[in-house]
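**Q** My structure is stored as input_18.cif, with mmCIF, C-alpha atoms.
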```
data_query
#
loop_
_atom_site.label_atom_id
_atom_site.label_comp_id
_atom_site.auth_asym_id
_atom_site.auth_seq_id
_atom_site.Cartn_x
_atom_site.Cartn_y
_atom_site.Cartn_z
CA MET A 1 30.82 30.34 -29.21
CA SER A 2 28.77 33.50 -29.77
CA PHE A 3 28.48 36.21 -27.14
CA LYS A 4 24.83 35.29 -26.58
CA SER A 5 25.72 31.61 -26.09
CA LEU A 6 28.56 32.51 -23.75
CA LEU A 7 26.30 34.82 -21.75
CA ALA A 8 23.62 32.13 -21.52
CA THR A 9 26.20 29.64 -20.28
CA VAL A 10 27.50 32.07 -17.66
CA LEU A 11 24.01 32.92 -16.46
CA LEU A 12 23.05 29.24 -16.25
CA ALA A 13 26.18 28.44 -14.26
CA ALA A 14 25.49 31.33 -11.89
CA ALA A 15 21.89 30.21 -11.41
CA ALA A 16 22.95 26.62 -10.77
CA SER A 17 25.44 27.69 -8.13
CA ALA A 18 22.83 29.65 -6.19
CA GLN A 19 22.75 27.22 -3.26
CA LEU A 20 25.77 25.08 -4.01
CA SER A 21 28.99 25.71 -2.12
CA GLY A 22 31.37 24.93 -4.99
CA HIS A 23 32.10 22.71 -7.95
CA VAL A 24 30.04 19.57 -8.50
CA GLY A 25 30.74 16.55 -10.68
CA PRO A 26 34.00 14.93 -11.80
CA THR A 27 37.18 17.00 -11.70
CA SER A 28 38.57 15.52 -14.93
CA SER A 29 36.92 15.14 -18.33
CA LEU A 30 35.29 11.95 -19.53
CA SER A 31 37.94 11.65 -22.25
CA ALA A 32 40.62 11.64 -19.54
CA LYS A 33 39.05 8.43 -18.21
CA GLN A 34 39.42 6.47 -21.44
CA SER A 35 43.12 5.63 -21.47
CA THR A 36 42.13 2.05 -20.57
CA ILE A 37 38.78 0.45 -21.46
CA CYS A 38 37.91 -2.37 -19.06
CA ASN A 39 35.28 -4.23 -21.07
CA VAL A 40 33.24 -6.42 -18.73
CA ASN A 41 32.86 -8.98 -21.51
CA ASP A 42 36.64 -9.49 -21.49
CA TYR A 43 36.41 -10.59 -17.85
CA GLY A 44 33.91 -13.42 -18.16
CA GLY A 45 30.78 -11.54 -19.17
CA LYS A 46 28.72 -11.78 -22.34
CA VAL A 47 25.52 -10.38 -23.75
CA GLY A 48 22.69 -12.55 -22.43
CA SER A 49 24.69 -13.53 -19.34
CA SER A 50 22.70 -15.25 -16.59
CA ASP A 51 24.81 -13.41 -13.97
CA ILE A 52 26.90 -10.44 -15.06
CA GLY A 53 27.78 -9.51 -11.46
CA PRO A 54 31.04 -11.51 -11.10
CA ALA A 55 32.36 -10.16 -14.41
CA ILE A 56 31.64 -6.56 -13.36
CA GLN A 57 33.42 -7.12 -10.04
CA LYS A 58 36.39 -8.81 -11.73
CA ALA A 59 36.77 -6.05 -14.32
CA PHE A 60 36.78 -3.50 -11.54
CA ASP A 61 39.20 -5.38 -9.29
CA GLU A 62 41.66 -6.39 -12.01
CA CYS A 63 41.46 -3.44 -14.37
CA ILE A 64 39.95 -0.27 -12.90
CA THR A 65 41.92 -0.38 -9.65
CA LYS A 66 45.19 -0.94 -11.54
CA HIS A 67 44.84 1.79 -14.18
CA ALA A 68 44.26 5.49 -13.53
CA GLY A 69 41.98 7.09 -16.08
CA ALA A 70 40.08 3.90 -16.92
CA THR A 71 36.49 3.15 -17.94
CA LEU A 72 34.49 0.10 -16.85
CA TYR A 73 32.39 -0.69 -19.91
CA LEU A 74 29.29 -2.85 -20.23
CA PRO A 75 28.27 -2.87 -23.93
CA ALA A 76 24.69 -2.54 -25.12
CA GLY A 77 22.60 -5.67 -24.71
CA ASN A 78 20.60 -7.50 -22.06
CA TYR A 79 22.22 -9.04 -19.00
CA ASN A 80 20.82 -10.80 -15.94
CA MET A 81 22.40 -10.27 -12.53
CA LYS A 82 22.32 -12.52 -9.47
CA THR A 83 25.49 -11.43 -7.65
CA TRP A 84 25.52 -7.89 -6.30
CA VAL A 85 28.73 -5.85 -6.55
CA THR A 86 30.52 -3.28 -4.40
CA LEU A 87 32.95 -1.13 -6.38
CA ASN A 88 35.03 0.37 -3.56
CA HIS A 89 37.54 3.18 -3.93
CA GLY A 90 38.99 4.19 -7.27
CA THR A 91 40.02 7.63 -8.49
CA LYS A 92 39.56 9.15 -11.93
CA TRP A 93 37.39 6.40 -13.39
CA ALA A 94 34.08 5.91 -15.16
CA PHE A 95 31.39 3.26 -15.42
CA ARG A 96 29.82 3.26 -18.90
CA LEU A 97 26.65 1.22 -18.61
CA ASP A 98 25.21 0.96 -22.12
CA GLY A 99 23.50 -2.38 -21.45
CA LEU A 100 20.35 -3.15 -19.47
CA ILE A 101 20.90 -5.22 -16.32
CA THR A 102 17.91 -7.20 -15.03
CA ARG A 103 17.65 -8.43 -11.45
CA ALA A 104 17.61 -12.23 -11.32
CA ALA A 105 17.92 -12.93 -7.57
CA THR A 106 15.99 -11.88 -4.47
CA THR A 107 18.98 -11.27 -2.19
CA GLY A 108 18.63 -8.04 -0.21
CA GLY A 109 21.10 -5.17 -0.16
CA HIS A 110 21.98 -3.24 -3.32
CA MET A 111 22.62 -4.51 -6.82
CA ILE A 112 25.39 -1.98 -7.42
CA ILE A 113 27.25 0.01 -4.75
CA ILE A 114 29.75 2.70 -5.68
CA GLN A 115 31.74 3.53 -2.54
CA ASN A 116 34.54 5.95 -1.70
CA ALA A 117 34.96 6.98 -5.34
CA ASN A 118 36.64 10.25 -6.31
CA ASP A 119 36.47 11.93 -9.71
CA PHE A 120 33.93 9.36 -10.91
CA GLU A 121 31.28 9.28 -13.64
CA MET A 122 28.53 6.68 -14.18
CA TYR A 123 26.51 7.02 -17.37
CA SER A 124 25.24 5.43 -20.54
CA ALA A 125 26.55 6.81 -23.83
CA ASN A 126 23.37 5.70 -25.60
CA SER A 127 21.11 7.18 -22.88
CA ALA A 128 19.42 3.78 -22.73
CA GLY A 129 21.46 1.78 -20.22
CA GLY A 130 20.30 1.04 -16.72
CA ILE A 131 18.77 -1.50 -14.37
CA GLN A 132 15.43 -3.33 -14.54
CA GLY A 133 14.49 -4.45 -11.04
CA ASN A 134 11.30 -6.42 -11.83
CA GLY A 135 10.15 -5.52 -8.34
CA TYR A 136 6.70 -6.99 -8.95
CA GLN A 137 8.30 -10.40 -8.36
CA CYS A 138 9.56 -9.58 -4.83
CA ARG A 139 7.87 -6.38 -3.73
CA ASN A 140 9.62 -4.69 -0.75
CA ALA A 141 11.64 -7.88 -0.22
CA GLY A 142 14.58 -7.66 -2.61
CA PRO A 143 17.50 -5.34 -3.34
CA ARG A 144 17.72 -1.64 -3.98
CA LEU A 145 19.18 -0.82 -7.38
CA LEU A 146 22.02 1.70 -6.99
CA ARG A 147 23.73 3.33 -4.00
CA VAL A 148 26.58 5.85 -4.11
CA ILE A 149 28.28 5.96 -0.70
CA LYS A 150 30.72 8.55 0.65
CA SER A 151 31.94 9.51 -2.80
CA THR A 152 33.16 12.91 -3.92
CA ASN A 153 33.38 14.77 -7.22
CA PHE A 154 31.05 12.43 -9.09
CA SER A 155 28.15 12.31 -11.51
CA VAL A 156 25.43 9.78 -12.34
CA HIS A 157 23.51 10.50 -15.52
CA ASP A 158 21.70 9.24 -18.60
CA LEU A 159 20.53 6.10 -16.82
CA ILE A 160 17.15 4.37 -16.59
CA LEU A 161 16.11 2.67 -13.34
CA VAL A 162 12.95 0.57 -13.42
CA ASP A 163 10.78 -1.12 -10.79
CA SER A 164 13.14 -1.59 -7.89
CA PRO A 165 11.88 -4.04 -5.26
CA GLU A 166 12.69 -1.18 -2.86
CA PHE A 167 14.47 2.16 -3.42
CA HIS A 168 15.94 3.10 -6.80
CA LEU A 169 18.87 5.50 -6.22
CA ILE A 170 20.44 6.57 -2.93
CA VAL A 171 23.12 9.25 -2.70
CA ASP A 172 24.53 8.39 0.71
CA HIS A 173 26.59 11.23 2.18
CA GLY A 174 29.62 12.30 0.15
CA SER A 175 30.07 15.65 -1.55
CA ASN A 176 30.14 17.48 -4.88
CA GLY A 177 27.80 15.07 -6.66
CA GLU A 178 25.63 15.68 -9.72
CA VAL A 179 22.69 13.49 -10.78
CA TYR A 180 20.86 14.35 -14.00
CA ASN A 181 19.08 13.10 -17.12
CA MET A 182 17.47 10.16 -15.35
CA ALA A 183 14.22 8.27 -15.89
CA ILE A 184 13.03 6.35 -12.83
CA ARG A 185 9.88 4.28 -13.07
CA GLY A 186 8.52 2.39 -10.07
CA ALA A 187 5.23 0.86 -9.05
CA ASN A 188 2.23 2.56 -7.50
CA ILE A 189 3.24 1.56 -3.98
CA GLY A 190 5.16 2.85 -0.95
CA GLY A 191 8.78 1.89 -0.43
CA SER A 192 9.62 2.68 -4.05
CA ASP A 193 11.65 5.89 -3.49
CA GLY A 194 13.04 7.56 -6.60
CA ILE A 195 16.10 9.48 -5.37
CA ASP A 196 17.06 9.94 -1.71
CA VAL A 197 19.91 12.36 -1.00
CA THR A 198 22.17 13.11 1.96
CA GLY A 199 25.52 14.85 1.99
CA THR A 200 27.11 18.16 1.04
CA ASN A 201 27.01 20.18 -2.16
CA HIS A 202 24.93 17.96 -4.46
CA TRP A 203 23.05 19.05 -7.60
CA ILE A 204 20.05 16.95 -8.74
CA HIS A 205 18.38 18.09 -11.96
CA ASP A 206 16.44 16.93 -15.00
CA VAL A 207 14.92 13.80 -13.49
CA GLN A 208 11.57 12.10 -14.10
CA VAL A 209 10.15 9.81 -11.39
CA THR A 210 7.05 7.62 -11.41
CA ASN A 211 6.22 5.71 -8.19
CA ARG A 212 4.05 6.19 -5.10
CA ASP A 213 6.67 7.29 -2.62
CA GLU A 214 9.50 9.81 -2.57
CA CYS A 215 10.19 11.56 -5.87
CA VAL A 216 13.43 13.46 -5.09
CA THR A 217 13.87 13.78 -1.34
CA VAL A 218 16.53 15.41 0.84
CA LYS A 219 17.23 13.58 4.08
CA SER A 220 19.44 14.30 7.09
CA PRO A 221 22.25 15.25 7.30
CA SER A 222 22.42 17.53 4.25
CA ASN A 223 23.62 21.00 3.35
CA ASN A 224 24.03 23.01 0.18
CA ILE A 225 21.71 20.96 -2.00
CA LEU A 226 20.15 22.18 -5.26
CA VAL A 227 17.22 20.23 -6.75
CA GLU A 228 15.65 21.56 -9.95
CA ARG A 229 13.70 20.67 -13.09
CA ILE A 230 12.12 17.59 -11.60
CA TRP A 231 9.09 15.85 -13.12
CA CYS A 232 7.19 13.83 -10.52
CA ASN A 233 4.91 11.97 -12.94
CA GLN A 234 2.34 10.03 -10.90
CA SER A 235 4.69 9.97 -7.91
CA GLY A 236 4.41 10.29 -4.18
CA GLY A 237 5.95 13.72 -4.60
CA SER A 238 9.15 15.35 -3.40
CA ALA A 239 9.86 15.88 0.27
CA ILE A 240 12.25 16.64 3.06
CA GLY A 241 12.25 13.77 5.56
CA SER A 242 11.32 11.67 7.25
CA LEU A 243 13.02 13.62 10.05
CA SER A 244 13.70 12.41 13.57
CA ASP A 245 16.34 13.01 16.24
CA ASP A 246 19.46 15.09 15.52
CA THR A 247 18.22 16.35 12.16
CA ALA A 248 20.67 18.71 10.41
CA ILE A 249 19.51 20.18 7.08
CA GLU A 250 20.30 23.67 5.80
CA ASN A 251 20.93 25.70 2.68
CA VAL A 252 18.69 23.84 0.25
CA ILE A 253 16.87 25.01 -2.87
CA TYR A 254 14.08 23.20 -4.68
CA ARG A 255 12.97 25.01 -7.84
CA ASN A 256 11.08 24.28 -11.04
CA ILE A 257 9.37 21.22 -9.60
CA TYR A 258 6.49 19.81 -11.64
CA THR A 259 4.11 17.25 -10.13
CA ASN A 260 1.41 15.38 -12.01
CA GLY A 261 -0.80 13.38 -9.65
CA GLY A 262 0.41 11.71 -6.49
CA ASN A 263 0.47 12.36 -2.79
CA GLN A 264 1.64 15.99 -2.60
CA ALA A 265 3.33 18.85 -4.37
CA PHE A 266 5.82 18.92 -1.50
CA MET A 267 5.96 17.60 2.05
CA ILE A 268 8.15 18.12 5.10
CA LYS A 269 7.49 15.20 7.42
CA SER A 270 8.51 14.28 10.94
CA ASN A 271 7.10 13.07 14.23
CA HIS A 272 8.70 14.72 17.25
CA GLY A 273 12.50 14.41 17.01
CA SER A 274 15.15 17.13 17.38
CA GLY A 275 17.57 19.23 15.38
CA TYR A 276 16.79 21.70 12.62
CA VAL A 277 15.84 22.43 9.02
CA LYS A 278 16.72 26.00 8.08
CA ASN A 279 17.32 28.32 5.17
CA VAL A 280 15.40 26.42 2.51
CA GLN A 281 13.75 27.87 -0.61
CA PHE A 282 10.95 26.28 -2.64
CA ASN A 283 10.54 28.25 -5.86
CA ASP A 284 8.39 27.83 -8.96
CA PHE A 285 6.26 24.78 -8.30
CA ILE A 286 3.49 23.54 -10.60
CA SER A 287 1.20 20.70 -9.57
CA HIS A 288 -2.18 19.20 -10.36
CA GLY A 289 -4.15 16.16 -9.35
CA THR A 290 -2.33 15.72 -6.04
CA ALA A 291 -3.92 14.73 -2.74
CA TYR A 292 -2.11 17.43 -0.72
CA GLY A 293 -0.41 20.57 -1.96
CA LEU A 294 2.12 22.23 0.34
CA ASN A 295 2.16 19.96 3.37
CA ILE A 296 4.19 20.36 6.55
CA ASP A 297 3.24 17.58 8.95
CA GLN A 298 5.33 17.30 12.12
CA TYR A 299 2.97 14.72 13.59
CA TRP A 300 3.15 12.36 10.64
CA SER A 301 1.41 9.23 11.81
CA SER A 302 3.29 6.87 9.47
CA GLN A 303 6.52 7.52 11.37
CA LYS A 304 7.62 6.28 14.79
CA PRO A 305 7.96 9.31 17.10
CA GLY A 306 11.46 10.55 17.89
CA ASP A 307 12.69 11.32 21.39
CA GLY A 308 12.76 15.12 21.10
CA ALA A 309 9.99 17.68 21.27
CA GLY A 310 10.21 18.44 17.55
CA VAL A 311 12.51 19.35 14.69
CA GLN A 312 12.89 23.14 14.47
CA LEU A 313 11.85 24.48 11.05
CA SER A 314 12.93 28.05 10.34
CA ASP A 315 13.54 30.44 7.46
CA LEU A 316 11.59 28.50 4.86
CA THR A 317 10.40 30.46 1.81
CA PHE A 318 7.83 29.25 -0.73
CA SER A 319 7.52 31.39 -3.87
CA ASN A 320 5.54 31.25 -7.11
CA TRP A 321 3.37 28.16 -6.80
CA ASP A 322 0.39 27.17 -8.94
CA GLY A 323 -1.30 23.98 -7.88
CA GLU A 324 -4.60 22.16 -7.64
CA VAL A 325 -5.46 19.38 -5.21
CA VAL A 326 -8.23 16.86 -5.72
CA ASP A 327 -10.38 17.83 -2.71
CA GLY A 328 -9.25 20.89 -0.79
CA VAL A 329 -11.56 20.31 2.16
CA LYS A 330 -10.63 16.69 2.70
CA ARG A 331 -6.90 17.40 2.21
CA PRO A 332 -5.91 21.07 2.31
CA PRO A 333 -3.92 22.66 -0.50
CA ILE A 334 -1.84 24.31 2.24
CA GLN A 335 -1.25 22.63 5.59
CA LEU A 336 1.38 23.83 8.07
CA ILE A 337 1.21 21.51 11.07
CA CYS A 338 4.28 22.31 13.17
CA ALA A 339 5.56 20.74 16.36
CA ASP A 340 4.12 22.33 19.51
CA GLY A 341 7.46 21.68 21.21
CA ALA A 342 9.36 23.49 18.44
CA PRO A 343 7.09 25.91 16.56
CA CYS A 344 8.01 26.79 12.98
CA THR A 345 9.37 30.32 12.56
CA ASN A 346 9.77 32.70 9.62
CA ILE A 347 7.73 30.59 7.20
CA LYS A 348 7.03 32.83 4.20
CA LEU A 349 4.61 32.14 1.37
CA ASN A 350 5.01 34.53 -1.56
CA ASN A 351 2.61 34.25 -4.50
CA VAL A 352 1.59 30.72 -3.49
CA ASN A 353 -1.66 30.03 -5.31
CA MET A 354 -3.01 26.62 -4.37
CA TRP A 355 -6.59 25.63 -5.05
CA SER A 356 -8.99 22.67 -5.29
CA ALA A 357 -10.64 20.86 -8.19
CA THR A 358 -13.87 20.89 -6.15
CA GLY A 359 -13.97 24.70 -5.91
CA LYS A 360 -13.85 24.55 -2.10
CA ALA A 361 -10.82 24.47 0.17
CA VAL A 362 -9.49 25.04 3.67
CA VAL A 363 -6.04 25.75 5.05
CA LYS A 364 -4.69 24.42 8.33
CA CYS A 365 -1.99 25.73 10.66
CA GLU A 366 -0.63 24.65 14.03
CA SER A 367 2.25 26.32 15.88
CA ALA A 368 3.36 27.98 12.62
CA TYR A 369 4.67 31.56 12.43
CA GLY A 370 5.29 33.62 9.34
CA SER A 371 3.23 35.14 6.54
CA GLY A 372 1.38 34.52 3.31
CA VAL A 373 -1.45 32.17 4.33
CA LYS A 374 -4.66 32.95 6.18
CA CYS A 375 -4.21 30.63 9.16
CA ILE A 376 -0.58 31.40 10.05
CA LYS A 377 0.31 33.61 13.01
CA ASN A 378 2.82 36.45 12.94
CA ASP A 379 4.18 37.55 16.29
CA SER A 380 7.46 37.31 18.18
CA LYS A 381 6.29 35.03 21.01
CA HIS A 382 6.33 31.85 18.92
CA ALA A 383 4.18 30.03 21.44
CA ALA A 384 2.52 26.74 20.57
CA TYR A 385 -1.10 26.98 19.45
CA SER A 386 -3.77 24.46 18.54
CA LYS A 387 -4.68 23.59 14.99
CA VAL A 388 -6.57 26.33 13.14
CA THR A 389 -8.75 25.43 10.13
CA GLN A 390 -10.04 28.22 7.91
CA SER A 391 -11.96 28.28 4.65
CA ILE A 392 -10.35 30.10 1.73
CA SER A 393 -11.46 31.45 -1.62
CA ARG A 394 -9.77 30.80 -4.93
CA PRO A 395 -6.52 32.83 -4.90
CA THR A 396 -6.64 35.93 -7.07
CA ASN A 397 -3.42 35.01 -8.89
CA TYR A 398 -4.28 31.34 -9.36
CA HIS A 399 -3.84 29.95 -12.87
CA THR A 400 -4.86 26.55 -14.10
CA PRO A 401 -1.62 24.59 -13.79
CA LYS A 402 0.28 23.83 -16.99
CA THR A 403 0.70 20.23 -18.10
CA MET A 404 3.45 18.23 -19.80
CA LYS A 405 3.25 16.02 -22.87
CA GLY A 406 3.84 12.57 -21.42
CA ASP A 407 1.86 13.08 -18.21
CA LEU A 408 0.61 9.71 -17.03
CA ALA A 409 -3.04 9.27 -16.13
CA SER A 410 -2.21 6.75 -13.40
CA GLY A 411 0.67 4.87 -11.82
CA PHE A 412 1.89 1.38 -12.68
CA ALA A 413 0.43 -1.80 -11.24
CA THR A 414 2.34 -3.52 -8.45
CA ASN A 415 1.87 -7.06 -9.79
CA LYS A 416 2.95 -6.65 -13.42
CA ALA A 417 6.19 -5.91 -15.25
CA ILE A 418 6.83 -2.19 -15.81
CA PRO A 419 8.12 -1.29 -19.28
CA THR A 420 11.48 0.41 -19.67
CA PRO A 421 10.98 4.09 -20.54
CA THR A 422 13.12 6.49 -22.51
CA ILE A 423 14.69 9.53 -20.87
CA PRO A 424 12.75 12.70 -21.75
CA THR A 425 14.37 15.90 -22.96
CA ALA A 426 12.29 18.28 -20.81
CA PHE A 427 11.28 18.02 -17.16
CA TYR A 428 9.40 21.27 -16.40
CA PRO A 429 6.91 23.22 -18.54
CA ASP A 430 8.55 25.64 -20.98
CA LEU A 431 12.10 24.95 -19.80
CA PRO A 432 14.73 22.93 -21.68
CA GLN A 433 16.90 20.36 -19.98
CA ILE A 434 20.13 21.82 -18.62
CA THR A 435 22.48 19.27 -20.21
CA PRO A 436 21.70 17.41 -23.47
CA LEU A 437 21.36 13.64 -23.39
CA MET A 438 24.60 11.82 -24.15
CA LYS A 439 23.06 10.27 -27.27
CA ASN A 440 22.29 13.76 -28.61
CA LYS A 441 25.74 15.25 -28.09
#
```
As structure tokens, what does this structure read like?
**A**
Amino acid sequence: MSFKSLLATVLLAAAASAQLSGHVGPTSSLSAKQSTICNVNDYGGKVGSSDIGPAIQKAFDECITKHAGATLYLPAGNYNMKTWVTLNHGTKWAFRLDGLITRAATTGGHMIIIQNANDFEMYSANSAGGIQGNGYQCRNAGPRLLRVIKSTNFSVHDLILVDSPEFHLIVDHGSNGEVYNMAIRGANIGGSDGIDVTGTNHWIHDVQVTNRDECVTVKSPSNNILVERIWCNQSGGSAIGSLSDDTAIENVIYRNIYTNGGNQAFMIKSNHGSGYVKNVQFNDFISHGTAYGLNIDQYWSSQKPGDGAGVQLSDLTFSNWDGEVVDGVKRPPIQLICADGAPCTNIKLNNVNMWSATGKAVVKCESAYGSGVKCIKNDSKHAAYSKVTQSISRPTNYHTPKTMKGDLASGFATNKAIPTPTIPTAFYPDLPQITPLMKNK
């Protein structure tokens, strides 16, 4: 490796660790997990199977759990699945999913659960494996696709998740996880979340999401989370929330987030509740064609109110944004609506240049304290105040937002099959992906 390559690697690692608290991903190499190959088709499965679930479960129970350093392998091909699986425990193992699994039952729950895993890797070597949910057949009434529960030192990558009846990927607590090189394609409807994350010390990067709900969203409880190089391509947009009682989120960075169309560039959403969100950075956002831009709404009407007076938001910094909303009077490019019972404090906007396709825009603030936007207040009393709406001019440093080759003009219909995409090799304008696709290594 040349000095320049070594320096680039060191700098990239340092940048990636900016908000993480330590190592993420498996603690042993992928090659160390190949001493035993547990081929699902040796345990009752076959390409074209009408229900590959029992064979996956059997291969795990009879092979993975009995051999350290083993790989559960589903070869390339098409498989239907009617029986959902829970792959519980296991240390130093991998799940190589080169085939495409298609949902063939309407049972609720999750098609695949990975639980209590340690030193685990789930991937496709051909960067084409994954799950087709065909959610149009049972919209918001079937399973979620993949859930990783209370696992540590893991990665999920090079997978394609399509049209879940409900959510696509949930990282449920756990620690030291890495999710990357993913293509997630859902319908133009709510309840189709891309990636929802809770836990400690997770890194989510190089992901494309199409849907009409959460793109990549941090939920409570979470700390030391890094989300970067995300392409919300006709998506609801990324968010923190929904937040309610006993919220606990801190030390989070979102950066290099690109949004084409959808609900918002970013949203923090709650309705009353309690707890805190603190020490969060939102850096280098590009968006266009969204309804809202930067949107804090602590009276979000789509959520049942919590018991507390409000979730306390503090020490939030937004830097280097270029974005354009559809109608900046109807839906402001910047809206900071904070809880009167827990005003937002130390909210800083630095070089945030949000504008409107109509050439007219307003900003709105309520009980928000900080700097960088016309309507925000800046004093030490932090008393509640009523909503302030002010007209703004086009920001001096505003630039027409960059676009990406592959931007979709609209979302996908809710009543038709959604085609399986390929995983892109870039997720933010002018930046390469951090890790090459497995098929290109």
**Q** Stretch 418-432 of chain A: which residues within 6 Å, counting only C-alpha atoms, same-chain residues fewer than 3 positions away excluded, as a PyMOL selection string?
**A** chain A and resi 183+206+229-231+258
**Q** For the file shown, report as a short mmCIF file (atom, residue, chain, number, x, y, z; two decimals) with C-alpha atoms, keeping the file's coordinate frame the outcome of the PyMOL selection byres ((chain A and resi 342) around 10) at residue level.
**A**
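After the write, part-v1.cif holds the following:
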```cif
data_model
loop_
_atom_site.label_atom_id
_atom_site.label_comp_id
_atom_site.auth_asym_id
_atom_site.auth_seq_id
_atom_site.Cartn_x
_atom_site.Cartn_y
_atom_site.Cartn_z
CA HIS A 272 8.70 14.72 17.25
CA GLY A 273 12.50 14.41 17.01
CA SER A 274 15.15 17.13 17.38
CA GLY A 275 17.57 19.23 15.38
CA TYR A 276 16.79 21.70 12.62
CA GLN A 298 5.33 17.30 12.12
CA GLY A 308 12.76 15.12 21.10
CA ALA A 309 9.99 17.68 21.27
CA GLY A 310 10.21 18.44 17.55
CA VAL A 311 12.51 19.35 14.69
CA GLN A 312 12.89 23.14 14.47
CA LEU A 313 11.85 24.48 11.05
CA SER A 314 12.93 28.05 10.34
CA CYS A 338 4.28 22.31 13.17
CA ALA A 339 5.56 20.74 16.36
CA ASP A 340 4.12 22.33 19.51
CA GLY A 341 7.46 21.68 21.21
CA PRO A 343 7.09 25.91 16.56
CA CYS A 344 8.01 26.79 12.98
CA THR A 345 9.37 30.32 12.56
CA SER A 367 2.25 26.32 15.88
CA ALA A 368 3.36 27.98 12.62
CA HIS A 382 6.33 31.85 18.92
CA ALA A 383 4.18 30.03 21.44
CA ALA A 384 2.52 26.74 20.57
#
```
**Q** Determine the residue set returned by the PyMOL selection byres ((chain A and resi 358) around 7) for the present structure, and present it as a ChimeraX atom specification.
**A** /A:326-327,356-357,359-360
**Q** For atom CA of A:Gln19 and atom CA of A:Leu226, quote the distance in Å rounded to one decimal.
**A**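 A separation of 6.0 Å between them.
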**Q** Using only C-alpha atoms, can you tell me which of A:His67, A:His173, A:Arg212, A:His205 comes closest to A:Val227?
**A**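 Between A:His67, A:His173, A:Arg212, A:His205, the residue approaching A:Val227 most closely is A:His205.
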**Q** Contacts of A:Gly261 at 7 Å or less, counting all atoms listed in the file, minus same-chain residues fewer than 2 places along, as a list in words?
**A**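 In the requested format, the answer is Asn233, Gln234, Ser235, Thr259, His288, Gly289 and Thr290 of chain A.
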**Q** Could you tell me which residues the PyMOL selection byres ((chain A and resi 84) around 12) grabs in this file, written as a PyMOL selection string?
**A** chain A and resi 51-57+80-83+85-87+101-114+142-147
**Q** Measure the distance from atom CA of A:Ile204 to atom CA of A:Thr414 in Å and round it to one decimal.
**A**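 Taking atom CA of A:Ile204 as the start and atom CA of A:Thr414 as the end point, the length is 27.1 Å.
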**Q** Which residue, A:Tyr79, A:Tyr136, A:Phe167, A:Phe120, has the smallest gap to A:Ala94 when you use all atoms listed in the file?
**A**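 Using all atoms listed in the file, A:Ala94 sits closest to A:Phe120.
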**Q** Name all residues at most 8 Å from A:Asn397 (count all atoms listed in the file; drop same-chain ones fewer than 2 positions away) and give them as a list in words.
**A**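 Surrounding residues, per the criterion: Asn351, Asn353, Pro395 and His399 of chain A.
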**Q** Hey, can you spit out that residue selection with C-alpha atoms as a compact mmCIF listing (two decimals), keeping the file's coordinate frame?
**A**
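Writing done, so here's result_10.txt:
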```txt
# COMPACT_ATOMS: atom_id res chain seq x y z
CA ASN A 351 2.61 34.25 -4.50
CA ASN A 353 -1.66 30.03 -5.31
CA PRO A 395 -6.52 32.83 -4.90
CA HIS A 399 -3.84 29.95 -12.87
```
**Q** Please determine, counting all atoms listed in the file, which residue among A:Cys63, A:Leu294, A:Ile184, A:Ile189 has the shortest atom-to-atom distance to A:Cys215.
**A** A:Ile184
**Q** Enclose stretch 85-89 of chain A, meaning all of its atoms listed in the file, in a box aligned along x, y and z, pad it by 6 Å on each side, and list the centre and edge lengths in Å to one decimal, as AutoDock Vina command-line options.
**A**
```
--center_x 33.1 --center_y -1.3 --center_z -5.1 --size_x 20.8 --size_y 21.0 --size_z 15.0
```
**Q** What's the separation between atom CA of A:Val280 and atom CA of A:Thr27, in Å to one decimal place?
**A**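 Calculated distance between atom CA of A:Val280 and atom CA of A:Thr27 is 27.7 Å.
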**Q** A:Asn126: which residues within 9 Å, counting all atoms listed in the file, same-chain residues fewer than 3 positions away excluded, as a list in words?
**A** Ala76, Leu97, Asp98, Tyr123, Gly129, Asp158, Leu437, Met438, Lys439 and Asn440 of chain A
**Q** Would you kindly return, as a PyMOL selection string, each protein, DNA or RNA residue with an atom no farther than 7 Å from any atom of A:Gly186, considering all atoms listed in the file and excluding same-chain residues fewer than 4 positions away?
**A** chain A and resi 162-164+192+210-211
**Q** Missing atoms in stretch 68-73 of chain A: fill them in up to N, CA and C atoms and send the result as an mmCIF file, in the coordinates of the input.
**A**
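For reference, result_27.cif as written:
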```
data_model
loop_
_atom_site.group_PDB
_atom_site.id
_atom_site.type_symbol
_atom_site.label_atom_id
_atom_site.label_comp_id
_atom_site.auth_asym_id
_atom_site.auth_seq_id
_atom_site.Cartn_x
_atom_site.Cartn_y
_atom_site.Cartn_z
ATOM 1 N N ALA A 68 44.876 4.168 -13.687
ATOM 2 C CA ALA A 68 44.260 5.490 -13.530
ATOM 3 C C ALA A 68 43.698 5.932 -14.876
ATOM 4 N N GLY A 69 42.581 6.597 -14.835
ATOM 5 C CA GLY A 69 41.980 7.090 -16.080
ATOM 6 C C GLY A 69 41.331 5.988 -16.893
ATOM 7 N N ALA A 70 40.674 5.038 -16.226
ATOM 8 C CA ALA A 70 40.080 3.900 -16.920
ATOM 9 C C ALA A 70 38.555 3.959 -16.901
ATOM 10 N N THR A 71 37.944 3.253 -17.849
ATOM 11 C CA THR A 71 36.490 3.150 -17.940
ATOM 12 C C THR A 71 36.055 1.691 -17.856
ATOM 13 N N LEU A 72 35.154 1.397 -16.931
ATOM 14 C CA LEU A 72 34.490 0.100 -16.850
ATOM 15 C C LEU A 72 33.337 0.138 -17.835
ATOM 16 N N TYR A 73 33.324 -0.787 -18.785
ATOM 17 C CA TYR A 73 32.390 -0.690 -19.910
ATOM 18 C C TYR A 73 31.544 -1.944 -20.028
#
```
